[in-house]
2 protein chains.
Amino acid sequence: MATTISDIARLAGVSRATVSRVINNPEQVKEKTRNKILRIMEEQNYVYNALAGGLSKNSTRTLGLIIPTITNPIFAVSTKGIQNAAAARGYSIILGSTEYAEGMELNLVRLYLEKRVDGIVFTGNPQDPRTAEYLASRQIPYIVTWEVSQSDRVPFVTFNNIKAAYQVVDYFISMGHRRIGMISGRFYETGRAKKRWEGYVEGLKNWDVPYDENIVIQKEYSVASGREAMGRLLRDPNPPTAVFCGNDILAYGAIAAAKEHKRSIGTDLGIIGFDDLEMSAVMDPPLTTVRIPGHEMGSMGANALIDIIEGKTTETVQYVLETDLILRSSVPKLK
Amino acid sequence: MATTISDIARLAGVSRATVSRVINNPEQVKEKTRNKILRIMEEQNYVYNALAGGLSKNSTRTLGLIIPTITNPIFAVSTKGIQNAAAARGYSIILGSTEYAEGMELNLVRLYLEKRVDGIVFTGNPQDPRTAEYLASRQIPYIVTWEVSQSDRVPFVTFNNIKAAYQVVDYFISMGHRRIGMISGRFYETGRAKKRWEGYVEGLKNWDVPYDENIVIQKEYSVASGREAMGRLLRDPNPPTAVFCGNDILAYGAIAAAKEHKRSIGTDLGIIGFDDLEMSAVMDPPLTTVRIPGHEMGSMGANALIDIIEGKTTETVQYVLETDLILRSSVPKLK
DNA sequence: TTAAATAATGTAAACGGTTACATTTATAAA
DNA sequence: TTTATAAATGTAACCGTTTACATTATTTAA
């Protein structure tokens with residue numbers, strides 16, 4: 001039915017090897033022969049079979065990518081970075097999301113191994129201990145992004161979550177705030193959430209501000225959660241004057257809740273987010289937030305991984321990129 | 001190196017066929033034998049080779065998905081619908097985005113065919129005429145979502161873009177607006193943008209409101225574009241009192257611009273978006289917008305496609321789902 | 001018991017490429 | 001010319017599965 005390399009070979013009066021060569025190493029075959037074969041492939045609507053090719057070459061030039069959820073636009077930007085870098089080097093990517101569901105991570109890794117991807121890009125460390133075990137017993141290059149990897153055998157490219165959070169607290173303090181709450185992502189869902197919280201705790205400690213668990217709330221990353229959490233904070237007998245949100249999505253919800261409570265963000269209440277999504281600049285008020293190098297992180301990660309796959313390097317990369325606190329108008333100066 | 005079915009067979013003292021059966025039709029092999037094989041597979045860390053499997057089965061249980069950009073969260077929701085439905089039927093998906101770049105669509109289709117996906121889900125009709133031609137000459141099931149397909153041989157699942165836009169205009173009129181502008185997506189980038197514009201035009205005509213090209217602007221879908229476009233509209237000598245935005249992202253930018261111009265949305269200026277993203281409800285003011293059935297569209301599309309792949313149907317599905325105009329507070333009543 | 005029917009397993013070709021090695025053809029040097 | 005060398009092509013085994021068909025083992029019925 002579908003034309004194969006053999007059909008083309010027969011039609012062109014050459015061997016399969018020659019056809020294979022025009023596909024993989026065109027310069028090895030005489031121009032005249034090559035053109036003839038190319039023409040016939042065209043005429044026959046030949047489509048290369050990557051399954052067969054991958055099987056015999058033992059390589060698919062494909063990267064597997066695992067993200068938490070496709071729904072949060074911040075992962076779109078690092079994915080784009082990965083996509084671009086991979087494409088530039090002739091690799092394509094398979095994208096899968098765990099949606100924070102138990103077992104999905106392992107499923108995806110299994111799937112990727114079965115499909116014989118050449119390498120895997122993780123968003124954060126593998127969360128499920130079974131995943132780590134599985135990876136260890138099989139043999140596949142992978143890299144973690146968004147976090148420092150747990151083992152120093154595993155390469156990573158990240159930014160400093162702790163430091164970024166620390167700087168947020170610093171900034172709040174510098175603006176005169178002492179009662180600083182936090183709406184965090186769930187620790188068990190992502191290691192990053194915990195790191196940001198650690199940075200927050202450290203920041204407080206550094207300024208001798210007592211940690212008060214009543215004004216730190218763990219919630220899933222969603223607008224609704226942010227709104228709910230902020231509602232609760234504002235009903236506290238001693239409500240915070242400043243709130244650090246674990247990501248911009250939570251911050252959007254927090255902003256909405258604050259308005260419902262007739263609080264005026266940027267004049268009597270401060271909010272800072274994390275990620276710097278496209279929309280954050282047009283929030284009302286424009287949201288002060290931490291800008292992270294998503295695109296760069298993705299492309300550096302993909303390149304490093306491909307280097308490993310192609311044997312171009314033996315060292316384990318450990319990149320830590322810089323973040324920026326983008327000052328806008330959501331934090332008032334208290335006197 | 002890697003263990004194969006042959007290794008397992010040898011170790012278990014059975015033939016490859018038997019091992020293959022425990023993978024594909026476990027009930028066909030005697031329990032005792034099966035357990036032994038399963039145990040050995042476990043011990044040897046056996047990983048199924050989907051390339052080899054796909055090659056001989058001539059099926060990969062994989063769907064290729066083409067979206068415009070991963071950056072717009074609205075495509076995340078339909079993708080999720082597709083993902084879920086596919087997973088439920090044992091299919092996995094490969095996701096690729098064109099980023100509206102010339103030639104990417106055809107590239108993706110080529111890639112998917114080479115990888116032997118069982119079917120392709122398009123977001124909108126193939127934009128590039130070469131894609132259509134390519135698809136026609138090869139032989140692969142596909143479905144279009146988000147739009148009515150161009151040929152009645154190709155199945156689609158969509159909502160009525162024209163009607164939804166028409167209703168937006170209707171609503172503006174009912175609120176007393178007569179000067180209604182539009183910030184549209186680019187026609188050449190997506191057919192949907194044009195449809196929405198058509199609905200807008202039709203709506204105006206229906207109420208005998210003259211069409212004024214000075215207050216319709218085509219822009220790429222981005223916050224920055226929305227802002228820019230709205231700025232321009234408001235500088236018009238006879239600015240609109242109501243603006244229909246081709247999607248919510250544009251609307252966010254438009255809201256920001258309106259505020260910069262000291263216009264009060266919901267009291268002296270009306271804005272309506274399209275998509276109903278998660279953030280739209282927490283905009284200030286909450287954005288009136290068209291809710292589209294993204295998730296449902298995705299899952300219905302995937303299911304219909306899989307039905308075709310598995311030969312469970314011969315008819316060409318043509319689903320048109322309903323949209324809802326979600327009334328919030330971004331449109332004032334004019335007297 | 002034995003024959004017939006059924007269940008379990010094995011055999012071997014096929015899927016569509018790649019590639020080490022061998023052979024043929026063309027080109028350059030003597 | 002002849003020979004040495006390089007370029008172009010061919011041969012055939014291999015990659016890891018599946019599956020139609022054949023064979024053997026087990027169960028059931030007579």
# chains A, B, ... in the order shown; residues from 1 in each chain; ligands from 1

call {"tool": "closest_atom_pairs", "arguments": {"of": "chain C", "to": "chain A", "cutoff": "7 Å", "atoms": "only C-alpha atoms (C1' of nucleotides)", "output": "CSV"}}
result
residue,atom,partner,partner_atom,distance
C:DG16,C1',A:Ala52,CA,5.1
C:DG17,C1',A:Ala52,CA,4.7
C:DT18,C1',A:Ser56,CA,5.7

call {"tool": "write_last_selection", "arguments": {"atoms": "N, CA and C atoms (P, O5', C5', C4', C3', O3' and C1' of nucleotides)", "output": "short mmCIF file (atom, residue, chain, number, x, y, z; two decimals), in the first residue's frame"}}
result
data_model
loop_
_atom_site.label_atom_id
_atom_site.label_comp_id
_atom_site.auth_asym_id
_atom_site.auth_seq_id
_atom_site.Cartn_x
_atom_site.Cartn_y
_atom_site.Cartn_z
P DG C 16 6.02 -2.00 5.21
"O5'" DG C 16 7.36 -1.19 5.47
"C5'" DG C 16 7.35 -0.16 6.45
"C4'" DG C 16 8.76 0.29 6.66
"C3'" DG C 16 9.52 0.67 5.39
"O3'" DG C 16 10.26 1.84 5.65
"C1'" DG C 16 10.77 -0.86 6.62
P DG C 17 10.75 2.77 4.51
"O5'" DG C 17 11.94 3.54 5.24
"C5'" DG C 17 13.28 3.16 5.05
"C4'" DG C 17 13.88 2.76 6.37
"C3'" DG C 17 15.39 2.83 6.42
"O3'" DG C 17 15.79 4.06 6.98
"C1'" DG C 17 14.57 0.75 7.30
P DT C 18 17.27 4.59 6.74
"O5'" DT C 18 18.18 3.49 7.48
"C5'" DT C 18 18.30 3.55 8.89
"C4'" DT C 18 19.43 2.65 9.32
"C3'" DT C 18 20.82 3.08 8.86
"O3'" DT C 18 21.67 2.88 9.98
"C1'" DT C 18 20.41 0.86 8.18
#

call {"tool": "interface_residues", "arguments": {"of": "chain D", "to": "chain B", "cutoff": "7 Å", "atoms": "only C-alpha atoms (C1' of nucleotides)", "output": "list of chain:residue names"}}
result
D:DG16, D:DT17, D:DT18

call {"tool": "residues_around", "arguments": {"residues": "Thr313 in chain B", "least_positions_apart": "5", "cutoff": "9 Å", "atoms": "only C-alpha atoms (C1' of nucleotides)", "output": "short mmCIF file (atom, residue, chain, number, x, y, z; two decimals) with all heavy atoms, in the first residue's frame"}}
result
data_model
loop_
_atom_site.label_atom_id
_atom_site.label_comp_id
_atom_site.auth_asym_id
_atom_site.auth_seq_id
_atom_site.Cartn_x
_atom_site.Cartn_y
_atom_site.Cartn_z
N ALA B 304 -14.11 11.16 18.15
CA ALA B 304 -14.56 10.95 16.79
C ALA B 304 -13.41 10.45 15.92
O ALA B 304 -13.57 9.52 15.10
CB ALA B 304 -15.12 12.25 16.23
N ASP B 307 -12.66 6.87 16.64
CA ASP B 307 -13.68 6.03 16.02
C ASP B 307 -13.35 5.76 14.56
O ASP B 307 -13.49 4.63 14.07
CB ASP B 307 -15.06 6.70 16.11
CG ASP B 307 -15.65 6.58 17.51
OD1 ASP B 307 -15.16 5.75 18.30
OD2 ASP B 307 -16.60 7.34 17.83
N ILE B 308 -12.92 6.78 13.89
CA ILE B 308 -12.57 6.61 12.48
C ILE B 308 -11.38 5.66 12.35
O ILE B 308 -11.38 4.72 11.56
CB ILE B 308 -12.22 7.96 11.84
CG1 ILE B 308 -13.45 8.86 11.83
CG2 ILE B 308 -11.69 7.76 10.43
CD1 ILE B 308 -13.17 10.29 11.47
#

call {"tool": "closest_atom_pairs", "arguments": {"of": "chain A", "to": "chain B", "cutoff": "8 Å", "atoms": "only C-alpha atoms", "output": "tab-separated table"}}
result
residue	atom	partner	partner_atom	distance
A:Asn45	CA	B:Arg138	CA	7.0
A:Val47	CA	B:Glu114	CA	6.1
A:Tyr48	CA	B:Glu114	CA	5.3
A:Asn49	CA	B:Glu114	CA	5.1
A:Ala50	CA	B:Lys115	CA	5.1
A:Leu51	CA	B:Leu51	CA	4.9
A:Ala52	CA	B:Leu55	CA	6.3
A:Gly54	CA	B:Leu51	CA	6.9
A:Leu55	CA	B:Leu51	CA	5.9
A:Ile70	CA	B:Ala76	CA	5.7
A:Thr71	CA	B:Ala76	CA	5.3
A:Asn72	CA	B:Pro73	CA	7.2
A:Pro73	CA	B:Thr71	CA	6.0
A:Ala76	CA	B:Thr71	CA	5.3
A:Val77	CA	B:Thr71	CA	6.9
A:Lys80	CA	B:Ile70	CA	7.8
A:Ile93	CA	B:Ile94	CA	7.9
A:Ile94	CA	B:Ile94	CA	5.2
A:Leu95	CA	B:Leu95	CA	5.9
A:Arg110	CA	B:Val47	CA	8.0
A:Leu113	CA	B:Val47	CA	7.1
A:Glu114	CA	B:Asn49	CA	5.0
A:Lys115	CA	B:Ala50	CA	5.0
A:Arg116	CA	B:Asn49	CA	7.1
A:Ser137	CA	B:Asn45	CA	7.1
A:Arg138	CA	B:Asn45	CA	7.0
A:Val223	CA	B:Met279	CA	7.0
A:Tyr252	CA	B:Val282	CA	6.9
A:Gly253	CA	B:Val282	CA	6.7
A:Ile255	CA	B:Val282	CA	8.0
A:Ala256	CA	B:Val282	CA	5.5
A:Glu278	CA	B:Val223	CA	7.1
A:Met279	CA	B:Val223	CA	7.0
A:Val282	CA	B:Ala256	CA	5.4
A:Met283	CA	B:Met283	CA	7.3
A:Asp284	CA	B:Asp284	CA	6.6

call {"tool": "write_last_selection", "arguments": {"atoms": "N, CA and C atoms", "output": "short mmCIF file (atom, residue, chain, number, x, y, z; two decimals), in the first residue's frame"}}
result
data_model
loop_
_atom_site.label_atom_id
_atom_site.label_comp_id
_atom_site.auth_asym_id
_atom_site.auth_seq_id
_atom_site.Cartn_x
_atom_site.Cartn_y
_atom_site.Cartn_z
N ASN A 45 4.92 9.79 -3.76
CA ASN A 45 4.50 10.30 -2.45
C ASN A 45 5.12 9.52 -1.31
N VAL A 47 6.80 8.48 1.95
CA VAL A 47 6.94 9.04 3.29
C VAL A 47 7.85 8.13 4.12
N TYR A 48 8.92 8.69 4.57
CA TYR A 48 9.89 7.96 5.38
C TYR A 48 9.21 7.34 6.59
N ASN A 49 9.60 6.13 6.91
CA ASN A 49 9.03 5.49 8.09
C ASN A 49 9.99 5.61 9.28
N ALA A 50 9.66 6.53 10.15
CA ALA A 50 10.55 6.83 11.27
C ALA A 50 10.59 5.69 12.29
N LEU A 51 9.57 4.86 12.29
CA LEU A 51 9.59 3.72 13.21
C LEU A 51 10.71 2.77 12.78
N ALA A 52 10.68 2.42 11.52
CA ALA A 52 11.70 1.51 11.00
C ALA A 52 13.08 2.13 11.14
N GLY A 54 14.10 4.48 13.21
CA GLY A 54 14.50 4.55 14.61
C GLY A 54 14.92 3.18 15.12
N LEU A 55 14.20 2.19 14.67
CA LEU A 55 14.50 0.84 15.12
C LEU A 55 15.92 0.44 14.71
N ILE A 70 -0.37 21.99 31.34
CA ILE A 70 -0.28 22.82 30.16
C ILE A 70 -1.09 24.09 30.35
N THR A 71 -1.84 24.10 31.42
CA THR A 71 -2.80 25.15 31.69
C THR A 71 -2.15 26.41 32.24
N ASN A 72 -1.02 26.29 32.86
CA ASN A 72 -0.32 27.46 33.38
C ASN A 72 0.63 28.00 32.32
N PRO A 73 0.37 29.23 31.87
CA PRO A 73 1.13 29.77 30.75
C PRO A 73 2.63 29.84 30.99
N ALA A 76 4.38 27.25 29.30
CA ALA A 76 4.41 27.43 27.86
C ALA A 76 5.70 28.10 27.44
N VAL A 77 6.17 29.04 28.24
CA VAL A 77 7.36 29.74 27.79
C VAL A 77 8.62 28.89 27.88
N LYS A 80 8.47 26.48 25.02
CA LYS A 80 8.83 27.11 23.76
C LYS A 80 10.36 27.17 23.62
N ILE A 93 9.93 17.19 19.83
CA ILE A 93 9.62 16.88 21.21
C ILE A 93 8.22 16.29 21.36
N ILE A 94 8.09 15.44 22.34
CA ILE A 94 6.78 14.94 22.74
C ILE A 94 6.47 15.59 24.07
N LEU A 95 5.29 16.17 24.16
CA LEU A 95 4.94 16.90 25.37
C LEU A 95 3.90 16.13 26.17
N ARG A 110 7.55 5.90 31.43
CA ARG A 110 7.43 4.58 30.79
C ARG A 110 7.14 4.73 29.31
N LEU A 113 10.10 5.94 27.36
CA LEU A 113 11.11 4.91 27.16
C LEU A 113 10.66 3.90 26.11
N GLU A 114 9.40 3.56 26.14
CA GLU A 114 8.90 2.63 25.14
C GLU A 114 9.02 3.23 23.74
N LYS A 115 8.74 4.50 23.66
CA LYS A 115 8.82 5.16 22.35
C LYS A 115 10.26 5.49 22.01
N ARG A 116 11.15 5.15 22.88
CA ARG A 116 12.57 5.32 22.64
C ARG A 116 12.98 6.76 22.35
N SER A 137 17.32 2.39 36.98
CA SER A 137 17.55 1.03 36.51
C SER A 137 17.58 0.95 34.98
N ARG A 138 16.92 1.87 34.32
CA ARG A 138 17.03 1.92 32.87
C ARG A 138 18.17 2.86 32.56
N VAL A 223 -6.52 30.49 40.18
CA VAL A 223 -7.08 31.79 40.50
C VAL A 223 -8.02 31.66 41.70
N TYR A 252 -3.37 36.74 40.99
CA TYR A 252 -4.57 37.29 40.35
C TYR A 252 -5.80 37.07 41.23
N GLY A 253 -5.88 35.88 41.76
CA GLY A 253 -7.00 35.59 42.64
C GLY A 253 -6.94 36.45 43.90
N ILE A 255 -5.63 39.39 44.22
CA ILE A 255 -6.02 40.75 43.88
C ILE A 255 -7.54 40.88 43.89
N ALA A 256 -8.18 39.92 43.25
CA ALA A 256 -9.64 39.97 43.18
C ALA A 256 -10.25 39.96 44.58
N GLU A 278 2.51 37.30 31.05
CA GLU A 278 2.19 38.40 30.15
C GLU A 278 1.11 39.32 30.73
N MET A 279 0.13 38.72 31.41
CA MET A 279 -0.99 39.52 31.90
C MET A 279 -0.65 40.37 33.12
N VAL A 282 -0.69 44.12 33.01
CA VAL A 282 -1.93 44.86 32.79
C VAL A 282 -2.96 44.61 33.88
N MET A 283 -2.53 43.98 34.94
CA MET A 283 -3.43 43.86 36.08
C MET A 283 -3.70 45.26 36.62
N ASP A 284 -4.68 45.34 37.48
CA ASP A 284 -4.98 46.63 38.09
C ASP A 284 -4.88 46.48 39.60
#

call {"tool": "residues_around", "arguments": {"residues": "Asp212 in chain A", "least_positions_apart": "5", "cutoff": "10 Å", "atoms": "only C-alpha atoms (C1' of nucleotides)", "output": "PyMOL selection string"}}
result
chain A and resi 179-182+201

call {"tool": "residues_around", "arguments": {"residues": "DT3 in chain D", "least_positions_apart": "4", "cutoff": "12 Å", "atoms": "only C-alpha atoms (C1' of nucleotides)", "output": "ChimeraX atom specification"}}
result
/C:28-30

call {"tool": "select_by_dssp", "arguments": {"residues": "range 102-312 of chain A", "states": "alpha helix (DSSP H)", "output": "number ranges by chain"}}
result
A: 104-114, 129-137, 161-174, 191-206, 223-234, 248-260, 294-309
